[in-house]
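**Q** The following block contains the structure, expressed as structure tokens.
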Amino acid sequence: MSHEAHHEMPFWQKYIFSQDHKVIGIQYGLTSLLFLFFGFFLILLMRWQLAYPGEALPLIGKWLGEANMPDGKMLPEFYNQLGAMHGTIMVFLGVVPLAVGAFGNYLVPLQIGAPDMAFPKLNMASYWAYFCGGVVMLASFFVPGGAASSGWTSYPPLANIATTGQTFWLLGMVLLITSSLLGSVNTITTIFQLRAEGLTFFRLPFFVWAQLVTAFLLLLAFPPLEAAGVMQLMDRLFQTSFFMPSGLMVGGEPLAISGGGSALLWQHLFWFLAHPEVYVLILPAMGIITEIIANNTRKPINGYNIMVYSIIFLGFMSFVVWAHHMFLTGMGTAISAFFQATTMIISIPSVIVLSFLFLTLWGGSIRYNTPMLFALAFLPMFGIGGLTGLPLGLAASDIPLHDTYYVIGHFHYIVAPGTIFALFAGIYYWFPKATGRKMSEFLGQLHFWPSLIFMNIIFMPMFIQGLAGVSRRLYDGGATYDFAHGVLHLNKLSTHGAWGLVIAQIPFIINFFWSMYKGKKVTSKNPWEATTLEWDAPNIPPHGNFEQPLKVYRGPYEYSVPGAKKDYSPQSSEHI
Amino acid sequence: MSTAEIPFTVESRKDTGLYNAKLGIWLFLASEMMLFGALFSSYILLRVGATNWPRGSSILSVPLGALNTTLLITSSLTIILSWAALRMKDFKKYKLYMGVTIILALVFLGIKAYEYGMKFEHHLYPSTSTFMAIYFTLTGLHALHIIGGIVVNAYFWGPGSRMWQTDPERFTNRIEIAGLYWHFVDLVWLFLFPVLYLL
């Protein structure tokens, strides 16, 4: 193996079908950023319809096809497709691949001092399975009847009788699940097996811990959805009745099926994945934030050990809370009581992590650079998202709030100004390692401040609408319901906020590409004066990462050690 | 150091006591456990909620199922013997036992296909009833796993076995991994048989 690597590899092997974890990480990163922007575009179309129901969309409306938007006016069927695909693309093709595929792949081997992932070929296969899954999802827009339109949750019986797009959705999901299975096996093996000498588990950076717990969630929670997907495929292609109860009528006609299935079964299997998935969305974000906060407060993280125990506990608990998404399905008060108890318990570790991150700020000499601004904004934004989730976790208060805009506001606060801000923070923070150049601070601030403001303009009104009882599923934004009229003007506010958010991303796009070629070159391999191992690798780390094997002497966040010459003591240096 | 030599591909790491692929396959099997676990749970939920549920033995052929069970258990034994032969540096015996493992698996598939054919002949399809649906889904998914195992084992029996000359220790590890997977596939069948055929 070693003698081959000395040859210069052909382009396609070096950049396209690469087995280098850093190239794969960047492939994941670029692909998932494209999907994030595409998913964002889908919601912009929906927001137009919500703010201006039935009005023709100027300029681009007529380009979207007669079947979808005749004369630029959106059809309800198309609205449903956009809704289902926005959710699917943002979660499975955007945020998770960026947080786990890109950041996990790029940083985990570097932070543990390893030359690569444990299984480079599997790593490549994982990216290409993800890529194919994405292509299948996109292709589904062009099949008769359009893309999947039964929500990102694909509840049967509706999803079972939906058009061909739903079959594409299921096949796409099978590919994405395969990808995440390969990725998580790889990540866990890498962390257990390839840690540098002296890097014990409690010297691992919190980011690596977060990726480890995330990988376990992906490994164990996704297969039940795969099982459910197989059963839904059987229902759709071979007319079985796994999710079809007896006596089902569609359009006034009884369906010619054997019946005897259970629609609730799908919901159980789906949420058995999808609740751990929530923590898959948030844990890597917490990991990124922790690295950046420690670095920019020049302080050790308060309660590092307790944070680690918290997320391990959180990982376990995330498998026994799924049915709090199902309080309204009539599964019974005893089961509801169990799941609301576990839901209250699982909020504790998240609060612990967030509290310790806040406490870490105390007494620090904070550097307000762009990554730190995004990290600081993450804390209250995730806080709002988390706290507004508590009423949804209790059956009594969930009943009026279920399926309203309140729910949308709640989880978007966690994912959009929460996780996505953390991912932006990570891009700004590790950009110098990947490219050898820093991103522009001015454009970074121009990206951050408007994004923060517009995020809140978009999502804060949703709480008000939700508390007023506006359903999240309405094609006209609620215009047909009298009780909604008092809060309908907020639809326009949200939509205009979304336009503002588009404009706020322009500085980021310019910054990203401009800095890649013209950004300020960093002179040191440790420009942020950080302590963790990735900063021991040369900028744009070569194949194999490090010049010599590393040895680790201390914990991950030894900043401002009393008596030390510098205010940071890298894990790899023997003397402080 | 411009090369990416990944440590512990062959030898075990001291503190974990494992080589990379061994940890990898156990993780993969944990995930597989969740896949089949979800299907078995679905079976339970569907059966508990059903107004009537047929006895497996009234539809399926217990003797054929029992025969298939015996075949798979035997193949589990022969794949261990093939690994043990490699540990004792007896490549010829390895070829023999691995060959037998593959043949047993093929016979298993043949019998399974015959059973499927019988069902179709009696107009029993996945869409006939929830029992038939879960029967075809579970055994079909299991058969796919058997086919995957046959492909891998056949590769190690044929072209893949050249590694024995260049890197015998790594090749032995590969057979151990293939064996772990094969035992898992057997284990699933050991649950499938009583659940579908007997209960």
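By order in the structure tokens, chains are A, B, ...; within a chain, residues start at 1; ligands start at 1, following the order shown.
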Got a sec to pull out which chain A residues are within 8 Å of chain B, counting only C-alpha atoms, and send them as a PyMOL selection string?
**A** chain A and resi 1-2+5-6+114-118+181+185-186+189-190+192-194+219-221+223-224+226-228+231+234+238-242+257-262+265+269+542-548
**Q** Selected residues, C-alpha atoms, written as a PDB file, in the first residue's frame, please.
**A**
ATOM      1  CA  MET A   1       0.000   0.000   0.000  1.00  0.00           C
ATOM      2  CA  SER A   2       2.745   2.450   0.960  1.00  0.00           C
ATOM      3  CA  ALA A   5       0.972   6.488  -2.442  1.00  0.00           C
ATOM      4  CA  HIS A   6       4.257   7.994  -3.613  1.00  0.00           C
ATOM      5  CA  ALA A 114      -4.986   9.617  13.190  1.00  0.00           C
ATOM      6  CA  PRO A 115      -3.697   9.388   9.604  1.00  0.00           C
ATOM      7  CA  ASP A 116      -7.183   8.762   8.184  1.00  0.00           C
ATOM      8  CA  MET A 117     -10.482   7.081   8.997  1.00  0.00           C
ATOM      9  CA  ALA A 118     -10.265   3.383   9.866  1.00  0.00           C
ATOM     10  CA  LEU A 181     -24.652   3.244   8.454  1.00  0.00           C
ATOM     11  CA  VAL A 185     -19.413   2.293  11.728  1.00  0.00           C
ATOM     12  CA  ASN A 186     -16.373   4.131  10.400  1.00  0.00           C
ATOM     13  CA  THR A 189     -14.149   2.390  14.861  1.00  0.00           C
ATOM     14  CA  THR A 190     -11.864   5.336  14.140  1.00  0.00           C
ATOM     15  CA  PHE A 192     -11.937   3.631  19.428  1.00  0.00           C
ATOM     16  CA  GLN A 193      -8.987   2.338  17.445  1.00  0.00           C
ATOM     17  CA  LEU A 194      -6.970   5.202  16.022  1.00  0.00           C
ATOM     18  CA  LEU A 219     -26.045   3.296  13.877  1.00  0.00           C
ATOM     19  CA  LEU A 220     -28.894   2.073  16.069  1.00  0.00           C
ATOM     20  CA  ALA A 221     -31.810   4.379  15.261  1.00  0.00           C
ATOM     21  CA  PRO A 223     -32.292   0.620  10.886  1.00  0.00           C
ATOM     22  CA  PRO A 224     -35.859   0.674  12.263  1.00  0.00           C
ATOM     23  CA  GLU A 226     -35.088   1.171   7.053  1.00  0.00           C
ATOM     24  CA  ALA A 227     -37.363  -1.668   8.196  1.00  0.00           C
ATOM     25  CA  ALA A 228     -40.320   0.683   8.022  1.00  0.00           C
ATOM     26  CA  MET A 231     -42.542  -2.345   4.644  1.00  0.00           C
ATOM     27  CA  MET A 234     -43.933  -3.627   0.101  1.00  0.00           C
ATOM     28  CA  PHE A 238     -46.702  -5.519  -3.694  1.00  0.00           C
ATOM     29  CA  GLN A 239     -50.007  -4.326  -2.218  1.00  0.00           C
ATOM     30  CA  THR A 240     -49.342  -5.672   1.267  1.00  0.00           C
ATOM     31  CA  SER A 241     -51.192  -4.065   4.182  1.00  0.00           C
ATOM     32  CA  PHE A 242     -48.557  -3.426   6.830  1.00  0.00           C
ATOM     33  CA  ILE A 257     -56.478  -4.769   0.028  1.00  0.00           C
ATOM     34  CA  SER A 258     -56.301  -7.450   2.680  1.00  0.00           C
ATOM     35  CA  GLY A 259     -56.179  -4.902   5.521  1.00  0.00           C
ATOM     36  CA  GLY A 260     -55.259  -5.825   9.062  1.00  0.00           C
ATOM     37  CA  GLY A 261     -52.281  -3.468   9.248  1.00  0.00           C
ATOM     38  CA  SER A 262     -51.617  -0.560  11.544  1.00  0.00           C
ATOM     39  CA  LEU A 265     -46.873   1.114  13.458  1.00  0.00           C
ATOM     40  CA  LEU A 269     -40.914   3.102  13.694  1.00  0.00           C
ATOM     41  CA  PRO A 542      -1.439  16.231   3.272  1.00  0.00           C
ATOM     42  CA  HIS A 543      -2.520  12.627   2.766  1.00  0.00           C
ATOM     43  CA  GLY A 544      -1.704  11.012   6.116  1.00  0.00           C
ATOM     44  CA  ASN A 545      -2.227  14.282   8.013  1.00  0.00           C
ATOM     45  CA  PHE A 546       0.719  14.611  10.389  1.00  0.00           C
ATOM     46  CA  GLU A 547       4.455  14.920   9.791  1.00  0.00           C
ATOM     47  CA  GLN A 548       5.224  12.551  12.646  1.00  0.00           C
TER      48      GLN A 548
END
**Q** Apply DSSP to the backbone of this structure and, from stretch 317-358 of chain A, keep only the residues in alpha helix (DSSP H); write these as a PyMOL selection string.
**A** chain A and resi 317+333-358
**Q** What's the separation between atom CA of A:Ala102 and atom CA of A:Gly29, in Å to one decimal place?
**A**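 Taking atom CA of A:Ala102 as the start and atom CA of A:Gly29 as the end point, the length is 4.8 Å.
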**Q** Return the single residue from B:Leu81, B:Leu187, B:Met163, B:Ile111 that is closest to B:Pro63, with distances computed using only C-alpha atoms.
**A** B:Ile111
**Q** Quick check, in Å to one decimal: how far apart do atom CA of B:Gly179 and atom CA of A:Val213 lie?
**A** 28.2 Å
**Q** Which polymer residues have any atom within 12 Å of an atom of B:Ile73, counting only C-alpha atoms, with same-chain residues fewer than 5 positions away left out, as a list in words?
**A**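 Using only C-alpha atoms, the neighbours found are Ala66, Leu67, Asn68, Thr78, Ile79, Ile80, Thr101, Leu104, Ala105, Phe108, Trp182, His183, Phe184, Val185, Asp186, Leu187, Val188, Trp189 and Leu190 of chain B.
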**Q** Keeping only all heavy atoms, take the residues you just selected and write them out as a short mmCIF file (atom, residue, chain, number, x, y, z; two decimals), in the first residue's frame.
**A**
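File result-v8.cif, as written:
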data_model
loop_
_atom_site.label_atom_id
_atom_site.label_comp_id
_atom_site.auth_asym_id
_atom_site.auth_seq_id
_atom_site.Cartn_x
_atom_site.Cartn_y
_atom_site.Cartn_z
N ALA B 66 -37.42 -26.98 8.88
CA ALA B 66 -36.48 -27.66 9.79
C ALA B 66 -35.23 -28.08 9.03
O ALA B 66 -34.10 -27.94 9.52
CB ALA B 66 -37.16 -28.88 10.41
N LEU B 67 -35.42 -28.57 7.80
CA LEU B 67 -34.27 -28.95 6.98
C LEU B 67 -33.36 -27.75 6.75
O LEU B 67 -32.14 -27.82 6.90
CB LEU B 67 -34.76 -29.53 5.65
CG LEU B 67 -33.66 -29.89 4.64
CD1 LEU B 67 -32.72 -30.93 5.22
CD2 LEU B 67 -34.28 -30.38 3.33
N ASN B 68 -33.97 -26.62 6.40
CA ASN B 68 -33.18 -25.40 6.18
C ASN B 68 -32.44 -24.97 7.44
O ASN B 68 -31.31 -24.51 7.38
CB ASN B 68 -34.10 -24.27 5.69
CG ASN B 68 -33.98 -24.08 4.18
OD1 ASN B 68 -33.08 -24.64 3.58
ND2 ASN B 68 -34.87 -23.30 3.60
N THR B 78 -19.23 -25.30 9.53
CA THR B 78 -18.17 -25.44 8.54
C THR B 78 -17.40 -24.14 8.36
O THR B 78 -16.20 -24.17 8.09
CB THR B 78 -18.74 -25.88 7.17
OG1 THR B 78 -19.76 -24.98 6.79
CG2 THR B 78 -19.27 -27.30 7.25
N ILE B 79 -18.05 -22.99 8.54
CA ILE B 79 -17.28 -21.74 8.34
C ILE B 79 -16.29 -21.56 9.50
O ILE B 79 -15.19 -21.04 9.31
CB ILE B 79 -18.20 -20.51 8.14
CG1 ILE B 79 -17.42 -19.43 7.39
CG2 ILE B 79 -18.73 -19.97 9.44
CD1 ILE B 79 -18.26 -18.32 6.83
N ILE B 80 -16.68 -22.02 10.69
CA ILE B 80 -15.70 -21.99 11.80
C ILE B 80 -14.54 -22.91 11.48
O ILE B 80 -13.38 -22.57 11.69
CB ILE B 80 -16.36 -22.45 13.12
CG1 ILE B 80 -17.37 -21.42 13.56
CG2 ILE B 80 -15.30 -22.64 14.18
CD1 ILE B 80 -17.71 -21.51 15.01
N THR B 101 -19.51 -24.58 2.98
CA THR B 101 -20.37 -23.51 3.51
C THR B 101 -21.19 -22.88 2.39
O THR B 101 -22.40 -22.68 2.51
CB THR B 101 -19.51 -22.42 4.17
OG1 THR B 101 -18.63 -23.05 5.09
CG2 THR B 101 -20.37 -21.41 4.88
N LEU B 104 -23.87 -25.30 1.07
CA LEU B 104 -25.00 -25.40 2.00
C LEU B 104 -25.91 -24.18 1.86
O LEU B 104 -27.15 -24.30 1.86
CB LEU B 104 -24.49 -25.52 3.43
CG LEU B 104 -23.88 -26.89 3.81
CD1 LEU B 104 -23.19 -26.80 5.16
CD2 LEU B 104 -24.96 -27.96 3.83
N ALA B 105 -25.29 -23.01 1.74
CA ALA B 105 -26.09 -21.79 1.62
C ALA B 105 -26.89 -21.80 0.33
O ALA B 105 -28.05 -21.37 0.30
CB ALA B 105 -25.18 -20.57 1.67
N PHE B 108 -29.79 -24.03 0.73
CA PHE B 108 -30.79 -23.31 1.54
C PHE B 108 -31.64 -22.41 0.64
O PHE B 108 -32.87 -22.43 0.69
CB PHE B 108 -30.08 -22.47 2.61
CG PHE B 108 -31.01 -21.55 3.37
CD1 PHE B 108 -31.60 -21.96 4.56
CD2 PHE B 108 -31.30 -20.27 2.90
CE1 PHE B 108 -32.45 -21.12 5.25
CE2 PHE B 108 -32.16 -19.43 3.58
CZ PHE B 108 -32.74 -19.85 4.76
N TRP B 182 -21.73 -14.45 9.02
CA TRP B 182 -22.50 -15.65 8.68
C TRP B 182 -23.25 -16.19 9.89
O TRP B 182 -24.41 -16.60 9.79
CB TRP B 182 -21.57 -16.71 8.08
CG TRP B 182 -22.34 -17.77 7.41
CD1 TRP B 182 -22.49 -19.06 7.84
CD2 TRP B 182 -23.12 -17.64 6.22
NE1 TRP B 182 -23.32 -19.74 6.98
CE2 TRP B 182 -23.72 -18.89 5.98
CE3 TRP B 182 -23.38 -16.59 5.35
CZ2 TRP B 182 -24.56 -19.12 4.89
CZ3 TRP B 182 -24.20 -16.81 4.27
CH2 TRP B 182 -24.78 -18.07 4.05
N HIS B 183 -22.60 -16.16 11.06
CA HIS B 183 -23.30 -16.61 12.28
C HIS B 183 -24.52 -15.74 12.54
O HIS B 183 -25.56 -16.22 12.97
CB HIS B 183 -22.37 -16.53 13.49
CG HIS B 183 -21.23 -17.48 13.42
ND1 HIS B 183 -21.33 -18.72 12.87
CD2 HIS B 183 -19.96 -17.37 13.84
CE1 HIS B 183 -20.16 -19.33 12.93
NE2 HIS B 183 -19.31 -18.53 13.51
N PHE B 184 -24.36 -14.44 12.29
CA PHE B 184 -25.49 -13.55 12.52
C PHE B 184 -26.68 -13.93 11.63
O PHE B 184 -27.82 -14.01 12.08
CB PHE B 184 -25.10 -12.09 12.28
CG PHE B 184 -26.28 -11.16 12.34
CD1 PHE B 184 -26.79 -10.76 13.57
CD2 PHE B 184 -26.92 -10.73 11.19
CE1 PHE B 184 -27.89 -9.93 13.64
CE2 PHE B 184 -28.03 -9.92 11.25
CZ PHE B 184 -28.51 -9.52 12.48
N VAL B 185 -26.37 -14.19 10.34
CA VAL B 185 -27.44 -14.56 9.41
C VAL B 185 -28.12 -15.84 9.87
O VAL B 185 -29.35 -15.97 9.80
CB VAL B 185 -26.86 -14.69 7.98
CG1 VAL B 185 -27.92 -15.16 7.02
CG2 VAL B 185 -26.29 -13.36 7.52
N ASP B 186 -27.32 -16.78 10.38
CA ASP B 186 -27.90 -18.01 10.92
C ASP B 186 -28.78 -17.71 12.11
O ASP B 186 -29.88 -18.26 12.25
CB ASP B 186 -26.79 -18.95 11.41
CG ASP B 186 -26.03 -19.53 10.24
OD1 ASP B 186 -26.39 -19.21 9.11
OD2 ASP B 186 -25.08 -20.27 10.48
N LEU B 187 -28.27 -16.85 12.97
CA LEU B 187 -28.99 -16.53 14.20
C LEU B 187 -30.37 -15.95 13.88
O LEU B 187 -31.37 -16.30 14.51
CB LEU B 187 -28.16 -15.54 15.02
CG LEU B 187 -28.67 -15.28 16.42
CD1 LEU B 187 -28.48 -16.53 17.27
CD2 LEU B 187 -27.91 -14.11 17.04
N VAL B 188 -30.41 -15.08 12.87
CA VAL B 188 -31.70 -14.50 12.48
C VAL B 188 -32.65 -15.62 12.08
O VAL B 188 -33.82 -15.64 12.47
CB VAL B 188 -31.52 -13.50 11.33
CG1 VAL B 188 -32.87 -13.06 10.79
CG2 VAL B 188 -30.73 -12.30 11.80
N TRP B 189 -32.12 -16.58 11.31
CA TRP B 189 -32.98 -17.68 10.88
C TRP B 189 -33.46 -18.49 12.08
O TRP B 189 -34.61 -18.95 12.11
CB TRP B 189 -32.25 -18.59 9.88
CG TRP B 189 -33.14 -19.71 9.45
CD1 TRP B 189 -33.10 -21.00 9.90
CD2 TRP B 189 -34.24 -19.65 8.54
NE1 TRP B 189 -34.10 -21.74 9.33
CE2 TRP B 189 -34.81 -20.93 8.49
CE3 TRP B 189 -34.79 -18.62 7.78
CZ2 TRP B 189 -35.92 -21.22 7.69
CZ3 TRP B 189 -35.88 -18.90 6.99
CH2 TRP B 189 -36.44 -20.19 6.95
N LEU B 190 -32.61 -18.65 13.08
CA LEU B 190 -33.00 -19.42 14.27
C LEU B 190 -34.17 -18.75 14.99
O LEU B 190 -34.89 -19.39 15.74
CB LEU B 190 -31.82 -19.58 15.22
CG LEU B 190 -30.73 -20.54 14.73
CD1 LEU B 190 -29.67 -20.72 15.80
CD2 LEU B 190 -31.33 -21.88 14.34
#
**Q** Give me, as a list in words, all polymer residues having an atom no more than 12 Å from A:Leu59, counting only C-alpha atoms and skipping those fewer than 4 positions away in the same chain.
**A** Trp63, Leu64, Asp71, Gly72 and Lys73 of chain A
**Q** Restrict the calculation to only C-alpha atoms, then for each residue of stretch 434-471 of chain A with any atom at most 7 Å from an atom of stretch 352-371 of chain A give the closest atom pair and their distance in Å to one decimal, rows by chain and rising residue number, as CSV.
**A**
residue,atom,partner,partner_atom,distance
A:Glu441,CA,A:Thr370,CA,6.4
A:Gly444,CA,A:Thr370,CA,5.7
A:Gln445,CA,A:Thr370,CA,6.1
**Q** Would you save the residues from that selection as a PDB file, in the first residue's frame, using N, CA and C atoms?
**A**
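The result, written out as again_32.pdb:
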ATOM      1  N   GLU A 441     -13.133  38.845   7.961  1.00  0.00           N
ATOM      2  CA  GLU A 441     -13.837  39.171   9.198  1.00  0.00           C
ATOM      3  C   GLU A 441     -14.995  40.134   8.915  1.00  0.00           C
ATOM      4  N   GLY A 444     -17.749  38.379   7.269  1.00  0.00           N
ATOM      5  CA  GLY A 444     -18.281  37.466   8.277  1.00  0.00           C
ATOM      6  C   GLY A 444     -19.293  38.170   9.170  1.00  0.00           C
ATOM      7  N   GLN A 445     -18.928  39.382   9.618  1.00  0.00           N
ATOM      8  CA  GLN A 445     -19.859  40.144  10.467  1.00  0.00           C
ATOM      9  C   GLN A 445     -21.096  40.560   9.665  1.00  0.00           C
TER      10      GLN A 445
END
**Q** Which distance in Å separates atom CA of B:Glu11 and atom CA of B:Ala178, to one decimal?
**A**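 Taking atom CA of B:Glu11 as the start and atom CA of B:Ala178 as the end point, the length is 17.4 Å.
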**Q** Determine, counting only C-alpha atoms, which protein, DNA and RNA residues have an atom within 6 Å of an atom of stretch 315-323 of chain A; residues of the same chain fewer than 4 positions away are not included. Present the result as a list in words.
**A**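 The filter keeps Trp271, Phe272, His275, Pro276, Ile311, Phe339, Thr342 and Thr343 of chain A.
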**Q** Those residues with C-alpha atoms, as a PDB file, in the first residue's frame please?
**A**
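Dumped to result_0.pdb:
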ATOM      1  CA  TRP A 271     -40.169   8.395  15.378  1.00  0.00           C
ATOM      2  CA  PHE A 272     -37.917   5.720  16.803  1.00  0.00           C
ATOM      3  CA  HIS A 275     -36.307  11.484  17.713  1.00  0.00           C
ATOM      4  CA  PRO A 276     -32.688  10.353  18.045  1.00  0.00           C
ATOM      5  CA  ILE A 311     -24.376  13.543  26.314  1.00  0.00           C
ATOM      6  CA  PHE A 339     -43.136   9.243  27.420  1.00  0.00           C
ATOM      7  CA  THR A 342     -38.767  10.438  29.864  1.00  0.00           C
ATOM      8  CA  THR A 343     -39.082  13.630  27.817  1.00  0.00           C
TER       9      THR A 343
END
**Q** Name the residues in contact with A:Thr88 at a cut-off of 10 Å, using only C-alpha atoms, excluding same-chain residues fewer than 6 positions from it; report them as a PDB file with all heavy atoms, in the first residue's frame.
**A**
ATOM      1  N   GLY A  39     -32.907  23.445  -0.409  1.00  0.00           N
ATOM      2  CA  GLY A  39     -34.011  23.303   0.538  1.00  0.00           C
ATOM      3  C   GLY A  39     -34.555  24.656   0.963  1.00  0.00           C
ATOM      4  O   GLY A  39     -35.765  24.838   1.157  1.00  0.00           O
ATOM      5  N   LEU A  82     -43.454  20.598  -1.992  1.00  0.00           N
ATOM      6  CA  LEU A  82     -42.407  21.476  -1.465  1.00  0.00           C
ATOM      7  C   LEU A  82     -42.226  21.254   0.026  1.00  0.00           C
ATOM      8  O   LEU A  82     -41.106  21.178   0.526  1.00  0.00           O
ATOM      9  CB  LEU A  82     -42.761  22.942  -1.741  1.00  0.00           C
ATOM     10  CG  LEU A  82     -42.769  23.372  -3.202  1.00  0.00           C
ATOM     11  CD1 LEU A  82     -43.260  24.812  -3.311  1.00  0.00           C
ATOM     12  CD2 LEU A  82     -41.384  23.254  -3.801  1.00  0.00           C
ATOM     13  N   GLY A  94     -29.068  17.927   4.009  1.00  0.00           N
ATOM     14  CA  GLY A  94     -28.380  19.175   4.298  1.00  0.00           C
ATOM     15  C   GLY A  94     -27.658  19.166   5.622  1.00  0.00           C
ATOM     16  O   GLY A  94     -26.434  19.033   5.682  1.00  0.00           O
ATOM     17  N   MET A 137     -33.645  11.686  -4.801  1.00  0.00           N
ATOM     18  CA  MET A 137     -34.605  12.644  -4.234  1.00  0.00           C
ATOM     19  C   MET A 137     -34.900  13.765  -5.219  1.00  0.00           C
ATOM     20  O   MET A 137     -36.056  14.164  -5.412  1.00  0.00           O
ATOM     21  CB  MET A 137     -34.049  13.238  -2.938  1.00  0.00           C
ATOM     22  CG  MET A 137     -33.993  12.266  -1.789  1.00  0.00           C
ATOM     23  SD  MET A 137     -35.637  11.912  -1.145  1.00  0.00           S
ATOM     24  CE  MET A 137     -35.222  10.859   0.235  1.00  0.00           C
ATOM     25  N   ALA A 148     -42.459  13.386  -3.540  1.00  0.00           N
ATOM     26  CA  ALA A 148     -43.232  12.949  -2.381  1.00  0.00           C
ATOM     27  C   ALA A 148     -43.987  14.132  -1.805  1.00  0.00           C
ATOM     28  O   ALA A 148     -43.478  15.245  -1.766  1.00  0.00           O
ATOM     29  CB  ALA A 148     -42.301  12.361  -1.330  1.00  0.00           C
ATOM     30  N   GLY A 151     -45.495  14.888   3.490  1.00  0.00           N
ATOM     31  CA  GLY A 151     -44.733  15.366   4.637  1.00  0.00           C
ATOM     32  C   GLY A 151     -43.428  14.612   4.755  1.00  0.00           C
ATOM     33  O   GLY A 151     -43.272  13.520   4.195  1.00  0.00           O
ATOM     34  N   TRP A 152     -42.445  15.221   5.494  1.00  0.00           N
ATOM     35  CA  TRP A 152     -41.164  14.520   5.614  1.00  0.00           C
ATOM     36  C   TRP A 152     -41.328  13.282   6.478  1.00  0.00           C
ATOM     37  O   TRP A 152     -40.470  12.420   6.497  1.00  0.00           O
ATOM     38  CB  TRP A 152     -40.089  15.453   6.180  1.00  0.00           C
ATOM     39  CG  TRP A 152     -40.107  15.629   7.670  1.00  0.00           C
ATOM     40  CD1 TRP A 152     -41.000  16.359   8.374  1.00  0.00           C
ATOM     41  CD2 TRP A 152     -39.198  15.072   8.621  1.00  0.00           C
ATOM     42  NE1 TRP A 152     -40.715  16.294   9.712  1.00  0.00           N
ATOM     43  CE2 TRP A 152     -39.606  15.509   9.890  1.00  0.00           C
ATOM     44  CE3 TRP A 152     -38.078  14.248   8.534  1.00  0.00           C
ATOM     45  CZ2 TRP A 152     -38.943  15.155  11.065  1.00  0.00           C
ATOM     46  CZ3 TRP A 152     -37.422  13.891   9.703  1.00  0.00           C
ATOM     47  CH2 TRP A 152     -37.849  14.338  10.954  1.00  0.00           C
ATOM     48  N   THR A 153     -42.493  13.165   7.181  1.00  0.00           N
ATOM     49  CA  THR A 153     -42.739  12.017   8.035  1.00  0.00           C
ATOM     50  C   THR A 153     -43.384  10.864   7.277  1.00  0.00           C
ATOM     51  O   THR A 153     -43.433   9.759   7.787  1.00  0.00           O
ATOM     52  CB  THR A 153     -43.670  12.415   9.186  1.00  0.00           C
ATOM     53  OG1 THR A 153     -44.828  13.034   8.618  1.00  0.00           O
ATOM     54  CG2 THR A 153     -43.005  13.396  10.108  1.00  0.00           C
ATOM     55  N   SER A 154     -43.915  11.130   6.078  1.00  0.00           N
ATOM     56  CA  SER A 154     -44.490  10.084   5.223  1.00  0.00           C
ATOM     57  C   SER A 154     -45.474   9.173   5.924  1.00  0.00           C
ATOM     58  O   SER A 154     -45.385   7.953   5.849  1.00  0.00           O
ATOM     59  CB  SER A 154     -43.373   9.219   4.623  1.00  0.00           C
ATOM     60  OG  SER A 154     -42.716   9.924   3.629  1.00  0.00           O
ATOM     61  N   TRP A 169     -38.879   8.568  -2.908  1.00  0.00           N
ATOM     62  CA  TRP A 169     -38.495   9.021  -1.562  1.00  0.00           C
ATOM     63  C   TRP A 169     -37.973   7.841  -0.754  1.00  0.00           C
ATOM     64  O   TRP A 169     -36.918   7.925  -0.130  1.00  0.00           O
ATOM     65  CB  TRP A 169     -39.711   9.659  -0.876  1.00  0.00           C
ATOM     66  CG  TRP A 169     -39.419  10.323   0.439  1.00  0.00           C
ATOM     67  CD1 TRP A 169     -39.062  11.629   0.623  1.00  0.00           C
ATOM     68  CD2 TRP A 169     -39.473   9.731   1.750  1.00  0.00           C
ATOM     69  NE1 TRP A 169     -38.893  11.876   1.966  1.00  0.00           N
ATOM     70  CE2 TRP A 169     -39.128  10.750   2.672  1.00  0.00           C
ATOM     71  CE3 TRP A 169     -39.764   8.455   2.235  1.00  0.00           C
ATOM     72  CZ2 TRP A 169     -39.076  10.523   4.052  1.00  0.00           C
ATOM     73  CZ3 TRP A 169     -39.705   8.226   3.604  1.00  0.00           C
ATOM     74  CH2 TRP A 169     -39.370   9.255   4.501  1.00  0.00           C
ATOM     75  N   MET A 173     -34.261   7.222   0.598  1.00  0.00           N
ATOM     76  CA  MET A 173     -33.984   7.047   2.020  1.00  0.00           C
ATOM     77  C   MET A 173     -33.142   5.798   2.264  1.00  0.00           C
ATOM     78  O   MET A 173     -32.245   5.808   3.105  1.00  0.00           O
ATOM     79  CB  MET A 173     -35.288   6.953   2.819  1.00  0.00           C
ATOM     80  CG  MET A 173     -35.997   8.261   3.039  1.00  0.00           C
ATOM     81  SD  MET A 173     -34.976   9.570   3.713  1.00  0.00           S
ATOM     82  CE  MET A 173     -34.610   8.923   5.322  1.00  0.00           C
TER      83      MET A 173
END
**Q** Between A:Leu171, A:Leu138, A:Ile312, A:Leu264, which has the minimum distance to A:Leu217 (counting only C-alpha atoms)?
**A**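 Closest candidate: A:Ile312.
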